[in-house]
$ cat input-v2.csv   # CSV, C-alpha atoms
chain,number,residue,atom,x,y,z
A,23,MET,CA,-94.3,86.6,-96.9
A,24,ARG,CA,-91.4,86.9,-94.4
A,25,PRO,CA,-89.3,83.8,-93.9
A,26,ARG,CA,-89.6,81.9,-90.6
A,27,GLY,CA,-87.9,83.5,-87.7
A,28,ARG,CA,-88.0,87.0,-89.2
A,29,ARG,CA,-91.5,87.7,-87.7
A,30,ARG,CA,-91.3,90.5,-85.1
A,31,VAL,CA,-92.4,89.5,-81.6
A,32,GLY,CA,-93.7,92.3,-79.5
A,33,GLY,CA,-92.7,94.8,-82.2
A,34,THR,CA,-89.0,94.8,-81.4
A,35,LEU,CA,-87.3,91.4,-81.8
A,36,THR,CA,-87.6,88.8,-84.5
A,37,ARG,CA,-88.3,85.2,-83.4
A,38,ASP,CA,-84.6,84.3,-83.9
A,39,GLU,CA,-83.4,87.3,-81.9
A,40,GLY,CA,-85.9,86.3,-79.2
A,41,ARG,CA,-84.4,82.8,-79.0
A,42,VAL,CA,-80.9,84.3,-78.7
A,43,VAL,CA,-82.0,86.6,-75.9
A,44,ALA,CA,-83.7,83.7,-74.1
A,45,ALA,CA,-80.5,81.6,-74.4
A,46,VAL,CA,-78.4,84.6,-73.1
A,47,ALA,CA,-80.8,85.0,-70.1
A,48,ALA,CA,-80.8,81.2,-69.3
A,49,GLY,CA,-77.0,81.1,-69.5
A,50,GLY,CA,-76.6,84.4,-67.6
A,51,GLY,CA,-78.7,83.2,-64.6
A,52,MET,CA,-76.7,80.0,-64.4
A,53,GLY,CA,-73.4,81.8,-64.7
A,54,ALA,CA,-74.3,84.3,-62.0
A,55,VAL,CA,-75.5,81.6,-59.6
A,56,SER,CA,-72.3,79.6,-60.2
A,57,ARG,CA,-70.2,82.6,-59.3
A,58,TYR,CA,-72.3,83.1,-56.2
A,59,ALA,CA,-71.9,79.4,-55.2
A,60,LEU,CA,-68.1,79.7,-55.5
A,61,SER,CA,-68.2,83.0,-53.4
A,62,LEU,CA,-70.0,81.1,-50.7
A,63,GLY,CA,-67.6,78.2,-50.8
A,64,TRP,CA,-64.5,80.3,-50.8
A,65,PRO,CA,-65.5,83.6,-49.1
A,66,THR,CA,-63.1,86.6,-49.1
A,67,ALA,CA,-62.2,88.3,-45.8
A,68,PRO,CA,-63.4,92.0,-45.7
A,69,ASP,CA,-59.9,93.3,-46.2
A,70,GLY,CA,-58.4,90.2,-47.9
A,71,PHE,CA,-57.2,89.6,-51.4
A,72,PRO,CA,-60.3,88.6,-53.6
A,73,TRP,CA,-58.8,85.3,-54.9
A,74,THR,CA,-62.2,83.8,-55.7
A,75,THR,CA,-63.2,86.6,-58.0
A,76,LEU,CA,-59.7,86.5,-59.6
A,77,VAL,CA,-59.9,82.8,-60.2
A,78,VAL,CA,-63.5,83.0,-61.5
A,79,ASN,CA,-62.5,85.8,-64.0
A,80,ALA,CA,-59.4,84.1,-65.2
A,81,ALA,CA,-61.2,80.7,-65.6
A,82,GLY,CA,-64.0,82.4,-67.5
A,83,CYS,CA,-61.5,84.1,-69.8
A,84,ALA,CA,-59.7,80.8,-70.5
A,85,ALA,CA,-63.1,79.1,-71.3
A,86,ILE,CA,-64.2,81.9,-73.7
A,87,GLY,CA,-60.8,81.6,-75.5
A,88,VAL,CA,-61.5,77.9,-76.1
A,89,LEU,CA,-65.2,78.5,-77.0
A,90,MET,CA,-64.6,81.3,-79.5
A,91,VAL,CA,-61.9,79.5,-81.4
A,92,LEU,CA,-64.1,76.4,-81.6
A,93,VAL,CA,-67.2,78.3,-82.7
A,94,THR,CA,-65.6,80.8,-85.1
A,95,GLU,CA,-62.6,79.0,-86.5
A,96,VAL,CA,-62.6,75.2,-85.9
A,97,ARG,CA,-66.2,74.0,-86.3
A,98,GLN,CA,-68.0,75.2,-89.4
A,99,GLN,CA,-71.4,74.3,-88.1
A,100,THR,CA,-72.3,74.9,-84.5
A,101,HIS,CA,-75.8,75.3,-83.3
A,102,PRO,CA,-76.7,79.0,-83.5
A,103,LEU,CA,-77.6,79.1,-79.8
A,104,VAL,CA,-74.3,77.7,-78.5
A,105,ARG,CA,-72.4,80.9,-78.5
A,106,PRO,CA,-75.3,83.0,-77.0
A,107,PHE,CA,-75.9,80.5,-74.3
A,108,LEU,CA,-72.3,79.5,-73.3
A,109,GLY,CA,-70.4,82.6,-74.3
A,110,THR,CA,-72.6,85.7,-73.9
A,111,GLY,CA,-74.8,84.1,-71.3
A,112,PHE,CA,-73.0,81.6,-69.0
A,113,LEU,CA,-69.4,83.0,-69.2
A,114,GLY,CA,-70.6,86.6,-69.4
A,115,GLY,CA,-72.7,86.0,-66.2
A,116,PHE,CA,-70.0,84.0,-64.5
A,117,THR,CA,-67.2,86.6,-64.9
A,118,THR,CA,-67.7,90.1,-63.6
A,119,PHE,CA,-66.1,93.4,-64.1
A,120,SER,CA,-68.2,95.4,-61.5
A,121,THR,CA,-67.2,93.3,-58.5
A,122,TYR,CA,-63.6,93.5,-59.6
A,123,ALA,CA,-63.8,97.4,-59.7
A,124,VAL,CA,-65.7,97.7,-56.5
A,125,ASP,CA,-63.4,95.3,-54.7
A,126,ILE,CA,-60.4,97.5,-55.7
A,127,GLU,CA,-62.3,100.6,-54.4
A,128,ARG,CA,-63.0,98.8,-51.1
A,129,LEU,CA,-59.3,97.8,-50.6
A,130,VAL,CA,-57.9,101.2,-51.5
A,131,ARG,CA,-60.4,103.1,-49.3
A,132,GLY,CA,-60.1,100.5,-46.5
A,133,GLY,CA,-56.4,101.3,-46.1
A,134,HIS,CA,-55.0,98.5,-48.3
A,135,PRO,CA,-54.0,100.4,-51.5
A,136,ARG,CA,-51.1,98.0,-52.3
A,137,THR,CA,-53.3,95.0,-52.1
A,138,GLY,CA,-55.9,96.8,-54.3
A,139,LEU,CA,-53.2,97.7,-56.9
A,140,ALA,CA,-51.8,94.1,-56.9
A,141,TYR,CA,-55.3,92.7,-57.4
A,142,LEU,CA,-56.0,95.2,-60.2
A,143,ALA,CA,-52.8,94.2,-62.1
A,144,LEU,CA,-52.9,90.5,-61.4
A,145,THR,CA,-56.5,90.1,-62.6
A,146,LEU,CA,-55.9,92.0,-65.8
A,147,ILE,CA,-52.7,90.0,-66.5
A,148,ALA,CA,-54.2,86.7,-65.6
A,149,ALA,CA,-57.4,87.3,-67.7
A,150,LEU,CA,-55.5,88.4,-70.8
A,151,ALA,CA,-52.9,85.6,-70.5
A,152,ALA,CA,-55.8,83.1,-70.0
A,153,VAL,CA,-57.8,84.1,-73.0
A,154,TRP,CA,-54.6,84.3,-75.2
A,155,GLY,CA,-53.2,81.0,-74.0
A,156,ALA,CA,-56.5,79.2,-74.3
A,157,ALA,CA,-57.1,80.4,-77.8
A,158,TRP,CA,-53.5,79.6,-78.8
A,159,THR,CA,-53.7,76.0,-77.3
A,160,THR,CA,-57.1,75.4,-78.9
A,161,ARG,CA,-55.8,76.4,-82.4
A,162,ARG,CA,-52.7,74.2,-82.0
A,163,VAL,CA,-54.8,71.1,-80.9
A,164,ALA,CA,-57.2,71.7,-83.8
A,165,ALA,CA,-54.4,72.1,-86.3
A,166,ARG,CA,-52.8,68.8,-85.1
A,167,ARG,CA,-56.1,67.0,-85.3
A,168,THR,CA,-56.8,68.3,-88.8
A,169,ALA,CA,-53.3,67.3,-89.9
A,170,ALA,CA,-53.7,63.8,-88.4
A,171,GLY,CA,-57.1,63.4,-90.0
A,172,SER,CA,-55.8,64.3,-93.5
A,173,ARG,CA,-53.0,61.7,-93.5
A,174,PRO,CA,-53.6,58.8,-95.9
B,9,MET,CA,-84.6,82.7,-51.8
B,10,ASN,CA,-81.0,84.1,-52.0
B,11,TRP,CA,-80.2,81.7,-54.9
B,12,LEU,CA,-83.3,82.7,-56.8
B,13,LEU,CA,-82.5,86.4,-56.4
B,14,VAL,CA,-79.1,85.9,-57.9
B,15,ILE,CA,-80.5,83.7,-60.8
B,16,VAL,CA,-83.2,86.2,-61.7
B,17,GLY,CA,-80.7,89.1,-61.5
B,18,GLY,CA,-78.4,87.3,-63.8
B,19,MET,CA,-81.3,86.5,-66.2
B,20,ILE,CA,-81.9,90.2,-66.5
B,21,GLY,CA,-78.3,91.5,-66.5
B,22,ALA,CA,-76.9,89.2,-69.2
B,23,PRO,CA,-79.6,90.0,-71.9
B,24,LEU,CA,-79.3,93.7,-71.0
B,25,ARG,CA,-75.6,93.5,-71.9
B,26,HIS,CA,-76.3,91.5,-75.0
B,27,LEU,CA,-79.0,93.9,-76.3
B,28,THR,CA,-76.8,97.0,-75.5
B,29,ASP,CA,-73.9,95.4,-77.3
B,30,VAL,CA,-76.1,94.6,-80.4
B,31,ALA,CA,-77.6,98.2,-80.4
B,32,VAL,CA,-74.1,99.8,-80.1
B,33,ARG,CA,-72.6,97.6,-82.8
B,34,LYS,CA,-75.5,98.4,-85.2
B,35,ARG,CA,-74.9,102.1,-84.7
B,36,TYR,CA,-71.1,102.4,-84.3
B,37,GLY,CA,-69.8,99.3,-86.1
B,38,THR,CA,-67.8,96.4,-84.8
B,39,ASP,CA,-64.2,97.6,-84.7
B,40,PHE,CA,-64.0,98.8,-81.1
B,41,PRO,CA,-66.1,97.1,-78.3
B,42,TRP,CA,-67.9,100.3,-77.2
B,43,GLY,CA,-71.0,98.4,-76.0
B,44,ILE,CA,-69.1,96.1,-73.6
B,45,LEU,CA,-67.1,99.1,-72.3
B,46,ALA,CA,-70.3,101.0,-71.7
B,47,VAL,CA,-72.1,98.2,-69.8
B,48,ASN,CA,-68.9,97.5,-67.8
B,49,VAL,CA,-68.6,101.1,-66.7
B,50,ALA,CA,-72.3,101.5,-66.1
B,51,GLY,CA,-72.3,98.3,-64.0
B,52,CYS,CA,-69.4,99.5,-61.9
B,53,LEU,CA,-71.2,102.8,-61.2
B,54,ILE,CA,-74.4,101.0,-60.2
B,55,LEU,CA,-72.6,98.5,-58.0
B,56,GLY,CA,-70.6,101.4,-56.4
B,57,VAL,CA,-73.9,103.2,-55.5
B,58,LEU,CA,-75.4,99.9,-54.2
B,59,THR,CA,-72.3,99.1,-52.1
B,60,GLY,CA,-72.4,102.6,-50.6
B,61,ALA,CA,-76.1,102.2,-49.9
B,62,VAL,CA,-75.6,98.8,-48.2
B,63,VAL,CA,-72.8,100.3,-46.0
B,64,ALA,CA,-75.1,103.2,-45.1
B,65,GLY,CA,-78.0,100.8,-44.3
B,66,ALA,CA,-80.2,102.1,-47.1
B,67,ALA,CA,-80.3,98.7,-49.0
B,68,SER,CA,-80.8,95.2,-47.7
B,69,SER,CA,-78.7,92.1,-48.4
B,70,HIS,CA,-81.5,90.9,-50.6
B,71,VAL,CA,-81.3,93.9,-52.8
B,72,GLN,CA,-77.5,93.4,-52.9
B,73,LEU,CA,-77.9,89.8,-54.0
B,74,PHE,CA,-80.4,90.7,-56.7
B,75,LEU,CA,-78.9,93.9,-58.1
B,76,GLY,CA,-75.3,93.4,-57.1
B,77,THR,CA,-74.3,89.7,-57.4
B,78,GLY,CA,-77.0,88.9,-60.0
B,79,LEU,CA,-77.8,91.9,-62.2
B,80,CYS,CA,-74.5,93.9,-62.1
B,81,GLY,CA,-72.5,90.7,-62.0
B,82,ALA,CA,-74.1,89.4,-65.2
B,83,LEU,CA,-74.4,92.8,-66.8
B,84,THR,CA,-70.7,93.3,-66.6
B,85,THR,CA,-68.2,90.8,-68.0
B,86,TYR,CA,-64.5,90.1,-67.8
B,87,SER,CA,-64.6,87.2,-70.4
B,88,THR,CA,-66.0,89.2,-73.3
B,89,PHE,CA,-63.8,92.2,-72.4
B,90,SER,CA,-60.6,90.1,-72.5
B,91,TYR,CA,-61.7,88.2,-75.6
B,92,GLU,CA,-62.4,91.5,-77.4
B,93,THR,CA,-59.0,92.8,-76.3
B,94,LEU,CA,-57.3,89.7,-77.7
B,95,ARG,CA,-59.3,90.1,-81.0
B,96,LEU,CA,-58.2,93.7,-81.3
B,97,ALA,CA,-54.5,92.7,-80.7
B,98,GLU,CA,-54.7,89.9,-83.2
B,99,SER,CA,-56.3,92.0,-85.9
B,100,GLY,CA,-53.3,94.3,-85.8
B,101,SER,CA,-54.8,97.2,-83.8
B,102,ARG,CA,-52.5,96.9,-80.7
B,103,CYS,CA,-53.2,100.5,-79.8
B,104,HIS,CA,-56.9,99.8,-79.7
B,105,ALA,CA,-56.3,96.6,-77.6
B,106,ALA,CA,-54.2,98.6,-75.1
B,107,ALA,CA,-56.7,101.4,-75.1
B,108,ASN,CA,-59.6,99.0,-74.5
B,109,ALA,CA,-57.8,97.2,-71.6
B,110,LEU,CA,-56.5,100.3,-69.8
B,111,GLY,CA,-59.5,102.4,-70.6
B,112,SER,CA,-62.0,99.8,-69.3
B,113,VAL,CA,-60.1,99.4,-66.1
B,114,ALA,CA,-59.6,103.1,-65.5
B,115,ALA,CA,-63.2,104.0,-66.4
B,116,GLY,CA,-64.6,101.1,-64.4
B,117,LEU,CA,-62.6,101.9,-61.4
B,118,GLY,CA,-63.4,105.6,-61.7
B,119,ALA,CA,-67.1,104.8,-61.9
B,120,ALA,CA,-66.9,102.5,-58.8
B,121,PHE,CA,-65.3,105.4,-56.8
B,122,VAL,CA,-67.9,107.9,-58.1
B,123,GLY,CA,-70.7,105.5,-57.3
B,124,VAL,CA,-69.6,104.9,-53.7
B,125,ALA,CA,-69.1,108.6,-53.1
B,126,ALA,CA,-72.5,109.4,-54.6
B,127,ALA,CA,-74.1,106.9,-52.2
B,128,GLU,CA,-72.3,108.4,-49.2
B,129,ALA,CA,-73.5,111.9,-50.2
B,130,LEU,CA,-77.0,110.6,-50.6
B,131,TRP,CA,-77.3,108.3,-47.5
B,132,GLY,CA,-74.2,108.9,-45.5
$ encode --input "input-v2.csv" --output "structure tokens"
Amino acid sequence: MRPRGRRRVGGTLTRDEGRVVAAVAAGGGMGAVSRYALSLGWPTAPDGFPWTTLVVNAAGCAAIGVLMVLVTEVRQQTHPLVRPFLGTGFLGGFTTFSTYAVDIERLVRGGHPRTGLAYLALTLIAALAAVWGAAWTTRRVAARRTAAGSRP
Amino acid sequence: MNWLLVIVGGMIGAPLRHLTDVAVRKRYGTDFPWGILAVNVAGCLILGVLTGAVVAGAASSHVQLFLGTGLCGALTTYSTFSYETLRLAESGSRCHAAANALGSVAAGLGAAFVGVAAAEALWG
């Protein structure tokens, strides 16, 4: 007999894999609609600098830096659906690569190549700095807490 | 209605990315994030075509919200892309990290341009 959770559902996914996909879908829907809400609150002018998407992407990168360090390094036992729901689902759906690329295309072809290039570089730098800085800070905080907890 | 279109699009896009990533990892290993690169480039191409179609009047704003903001927005990701780049850099493969960062941006941007041009050729 197969152990629980290994049974195939619909011939392709095991029950555990099905739960993960459901968590990713739920998180993805919430992430996408959060990004949409922010784009309505702070709309970008047709030829303007897409600040909202830049901030969304950088914030999502900072959040995934914190989450991944907590899930993979700090906490030994996290619920198995936390990473699919929050990381792959919510933050994956919240941040976007396609809007970033098409916004650069729109700026370049609309006669604003310098704005497009600045947006291209700024987003990349902000995203990488955010994920690195967030992971570094989370590790530092976790190390201090561990040190404080181990004192007699 | 608009909100629902974005939510449902996101609920399809995110699992598509996850399943593609899992399938690619099973086949090609976990060293280089080919799966994320592939979905990001594919999403840029689809959103490019869609944007061109909307400009040409061949797609409605509802289609744009469902396929563009929802599905393509959730199919593609900046957070996993940047985390994978960090992971590559920290594991010592700085060349792979740089290749992932610059390659993803170049390929995604190229796909967006091709997508818009294809839509203009089709509906322009």
$ atom_distance --input "input-v2.csv" --atom1 "CA of Ala152 (chain A)" --atom2 "CA of Gly82 (chain A)"
8.6 Å
$ atom_distance --input "input-v2.csv" --atom1 "CA of Leu110 (chain B)" --atom2 "CA of Thr160 (chain A)"
26.5 Å
$ residues_around --input "input-v2.csv" --residues "His104 (chain B)" --least-positions-apart "2" --cutoff "12 Å" --atoms "only C-alpha atoms" --output "NGL selection string"
:B and (39-42 or 92-102 or 106-112)
$ axis_aligned_box --input "input-v2.csv" --around "region 110-117 of chain A" --padding-each-side "8 Å" --output "JSON"
{"center_x": -71.0, "center_y": 84.1, "center_z": -69.2, "size_x": 23.6, "size_y": 21.0, "size_z": 25.4}
$ closest_residue --input "input-v2.csv" --among "A:Leu76, A:Leu89, A:Val104, A:Met52" --to "Ala149 (chain A)" --atoms "only C-alpha atoms"
A:Leu76
$ atom_distance --input "input-v2.csv" --atom1 "CA of Thr85 (chain B)" --atom2 "CA of Gln98 (chain A)"
26.5 Å
$ closest_residue --input "input-v2.csv" --among "A:Arg128, A:Arg57, A:Arg37, A:Arg97" --to "Val63 (chain B)" --atoms "all atoms listed in the file"
A:Arg128
$ closest_residue --input "input-v2.csv" --among "A:Thr145, A:Asn79, A:Thr110, A:Thr121" --to "Ala22 (chain B)" --atoms "all atoms listed in the file"
A:Thr110
$ closest_residue --input "input-v2.csv" --among "B:Ile44, B:Val122, B:Leu117, B:Val71" --to "chain A" --atoms "all atoms listed in the file"
B:Leu117
$ interface_residues --input "input-v2.csv" --of "chain A" --to "chain B" --cutoff "6 Å" --atoms "all atoms listed in the file" --output "list in words"
Val43, Val46, Ala47, Gly50, Gly51, Ala54, Val55, Gly82, Cys83, Gly111, Gly114, Gly115, Thr117, Thr118, Phe119, Ser120, Ala123, Val124 and Leu150 of chain A
$ closest_residue --input "input-v2.csv" --among "A:Pro72, A:Gly40, A:Gly53, A:Gly109" --to "Met90 (chain A)" --atoms "only C-alpha atoms"
A:Gly109
$ residues_around --input "input-v2.csv" --residues "Ala164 (chain A)" --least-positions-apart "6" --cutoff "12 Å" --atoms "only C-alpha atoms" --output "PyMOL selection string"
chain A and resi 88+91-92+95-97+157-158+170-171
$ closest_residue --input "input-v2.csv" --among "A:Ala85, A:Ala143, A:Leu103, A:Ala151" --to "Glu39 (chain A)" --atoms "all atoms listed in the file"
A:Leu103
$ build_atoms --input "input-v2.csv" --residues "region 32-64 of chain A" --atoms "N, CA and C atoms" --output "mmCIF file, in the frame of the given file"
data_model
loop_
_atom_site.group_PDB
_atom_site.id
_atom_site.type_symbol
_atom_site.label_atom_id
_atom_site.label_comp_id
_atom_site.auth_asym_id
_atom_site.auth_seq_id
_atom_site.Cartn_x
_atom_site.Cartn_y
_atom_site.Cartn_z
ATOM 1 N N GLY A 32 -93.589 91.141 -80.381
ATOM 2 C CA GLY A 32 -93.700 92.300 -79.500
ATOM 3 C C GLY A 32 -93.198 93.582 -80.164
ATOM 4 N N GLY A 33 -93.068 93.571 -81.488
ATOM 5 C CA GLY A 33 -92.700 94.800 -82.200
ATOM 6 C C GLY A 33 -91.243 95.127 -82.235
ATOM 7 N N THR A 34 -90.401 94.415 -81.464
ATOM 8 C CA THR A 34 -89.000 94.800 -81.400
ATOM 9 C C THR A 34 -88.055 93.703 -81.889
ATOM 10 N N LEU A 35 -88.269 92.466 -81.456
ATOM 11 C CA LEU A 35 -87.300 91.400 -81.800
ATOM 12 C C LEU A 35 -87.945 90.424 -82.771
ATOM 13 N N THR A 36 -87.096 89.887 -83.670
ATOM 14 C CA THR A 36 -87.600 88.800 -84.500
ATOM 15 C C THR A 36 -87.576 87.527 -83.638
ATOM 16 N N ARG A 37 -88.195 86.457 -84.186
ATOM 17 C CA ARG A 37 -88.300 85.200 -83.400
ATOM 18 C C ARG A 37 -86.868 84.683 -83.099
ATOM 19 N N ASP A 38 -85.968 84.752 -84.100
ATOM 20 C CA ASP A 38 -84.600 84.300 -83.900
ATOM 21 C C ASP A 38 -83.877 85.103 -82.836
ATOM 22 N N GLU A 39 -84.060 86.411 -82.899
ATOM 23 C CA GLU A 39 -83.400 87.300 -81.900
ATOM 24 C C GLU A 39 -83.995 86.995 -80.518
ATOM 25 N N GLY A 40 -85.297 86.699 -80.456
ATOM 26 C CA GLY A 40 -85.900 86.300 -79.200
ATOM 27 C C GLY A 40 -85.321 85.079 -78.596
ATOM 28 N N ARG A 41 -85.059 84.086 -79.461
ATOM 29 C CA ARG A 41 -84.400 82.800 -79.000
ATOM 30 C C ARG A 41 -83.042 83.114 -78.446
ATOM 31 N N VAL A 42 -82.298 83.976 -79.147
ATOM 32 C CA VAL A 42 -80.900 84.300 -78.700
ATOM 33 C C VAL A 42 -81.001 84.987 -77.325
ATOM 34 N N VAL A 43 -81.919 85.938 -77.155
ATOM 35 C CA VAL A 43 -82.000 86.600 -75.900
ATOM 36 C C VAL A 43 -82.424 85.658 -74.763
ATOM 37 N N ALA A 44 -83.305 84.710 -75.068
ATOM 38 C CA ALA A 44 -83.700 83.700 -74.100
ATOM 39 C C ALA A 44 -82.506 82.831 -73.689
ATOM 40 N N ALA A 45 -81.694 82.461 -74.688
ATOM 41 C CA ALA A 45 -80.500 81.600 -74.400
ATOM 42 C C ALA A 45 -79.511 82.411 -73.553
ATOM 43 N N VAL A 46 -79.340 83.704 -73.860
ATOM 44 C CA VAL A 46 -78.400 84.600 -73.100
ATOM 45 C C VAL A 46 -78.931 84.662 -71.636
ATOM 46 N N ALA A 47 -80.246 84.842 -71.474
ATOM 47 C CA ALA A 47 -80.800 85.000 -70.100
ATOM 48 C C ALA A 47 -80.633 83.687 -69.326
ATOM 49 N N ALA A 48 -80.912 82.532 -69.957
ATOM 50 C CA ALA A 48 -80.800 81.200 -69.300
ATOM 51 C C ALA A 48 -79.296 81.047 -68.852
ATOM 52 N N GLY A 49 -78.385 81.299 -69.771
ATOM 53 C CA GLY A 49 -77.000 81.100 -69.500
ATOM 54 C C GLY A 49 -76.507 82.139 -68.421
ATOM 55 N N GLY A 50 -76.993 83.381 -68.515
ATOM 56 C CA GLY A 50 -76.600 84.400 -67.600
ATOM 57 C C GLY A 50 -77.025 84.091 -66.141
ATOM 58 N N GLY A 51 -78.238 83.567 -65.970
ATOM 59 C CA GLY A 51 -78.700 83.200 -64.600
ATOM 60 C C GLY A 51 -77.840 82.056 -64.061
ATOM 61 N N MET A 52 -77.495 81.085 -64.906
ATOM 62 C CA MET A 52 -76.700 80.000 -64.400
ATOM 63 C C MET A 52 -75.243 80.411 -64.135
ATOM 64 N N GLY A 53 -74.715 81.305 -64.974
ATOM 65 C CA GLY A 53 -73.400 81.800 -64.700
ATOM 66 C C GLY A 53 -73.277 82.600 -63.442
ATOM 67 N N ALA A 54 -74.266 83.479 -63.219
ATOM 68 C CA ALA A 54 -74.300 84.300 -62.000
ATOM 69 C C ALA A 54 -74.387 83.447 -60.758
ATOM 70 N N VAL A 55 -75.248 82.439 -60.801
ATOM 71 C CA VAL A 55 -75.500 81.600 -59.600
ATOM 72 C C VAL A 55 -74.237 80.705 -59.359
ATOM 73 N N SER A 56 -73.524 80.328 -60.415
ATOM 74 C CA SER A 56 -72.300 79.600 -60.200
ATOM 75 C C SER A 56 -71.234 80.399 -59.533
ATOM 76 N N ARG A 57 -71.118 81.656 -59.948
ATOM 77 C CA ARG A 57 -70.200 82.600 -59.300
ATOM 78 C C ARG A 57 -70.554 82.774 -57.830
ATOM 79 N N TYR A 58 -71.864 82.919 -57.572
ATOM 80 C CA TYR A 58 -72.300 83.100 -56.200
ATOM 81 C C TYR A 58 -72.024 81.868 -55.342
ATOM 82 N N ALA A 59 -72.226 80.677 -55.916
ATOM 83 C CA ALA A 59 -71.900 79.400 -55.200
ATOM 84 C C ALA A 59 -70.443 79.377 -54.814
ATOM 85 N N LEU A 60 -69.575 79.742 -55.744
ATOM 86 C CA LEU A 60 -68.100 79.700 -55.500
ATOM 87 C C LEU A 60 -67.773 80.759 -54.398
ATOM 88 N N SER A 61 -68.454 81.925 -54.421
ATOM 89 C CA SER A 61 -68.200 83.000 -53.400
ATOM 90 C C SER A 61 -68.598 82.530 -52.032
ATOM 91 N N LEU A 62 -69.613 81.652 -51.961
ATOM 92 C CA LEU A 62 -70.000 81.100 -50.700
ATOM 93 C C LEU A 62 -69.056 80.028 -50.187
ATOM 94 N N GLY A 63 -68.559 79.252 -51.137
ATOM 95 C CA GLY A 63 -67.600 78.200 -50.800
ATOM 96 C C GLY A 63 -66.259 78.682 -50.388
ATOM 97 N N TRP A 64 -65.779 79.709 -51.078
ATOM 98 C CA TRP A 64 -64.500 80.300 -50.800
ATOM 99 C C TRP A 64 -64.684 81.813 -50.505
#
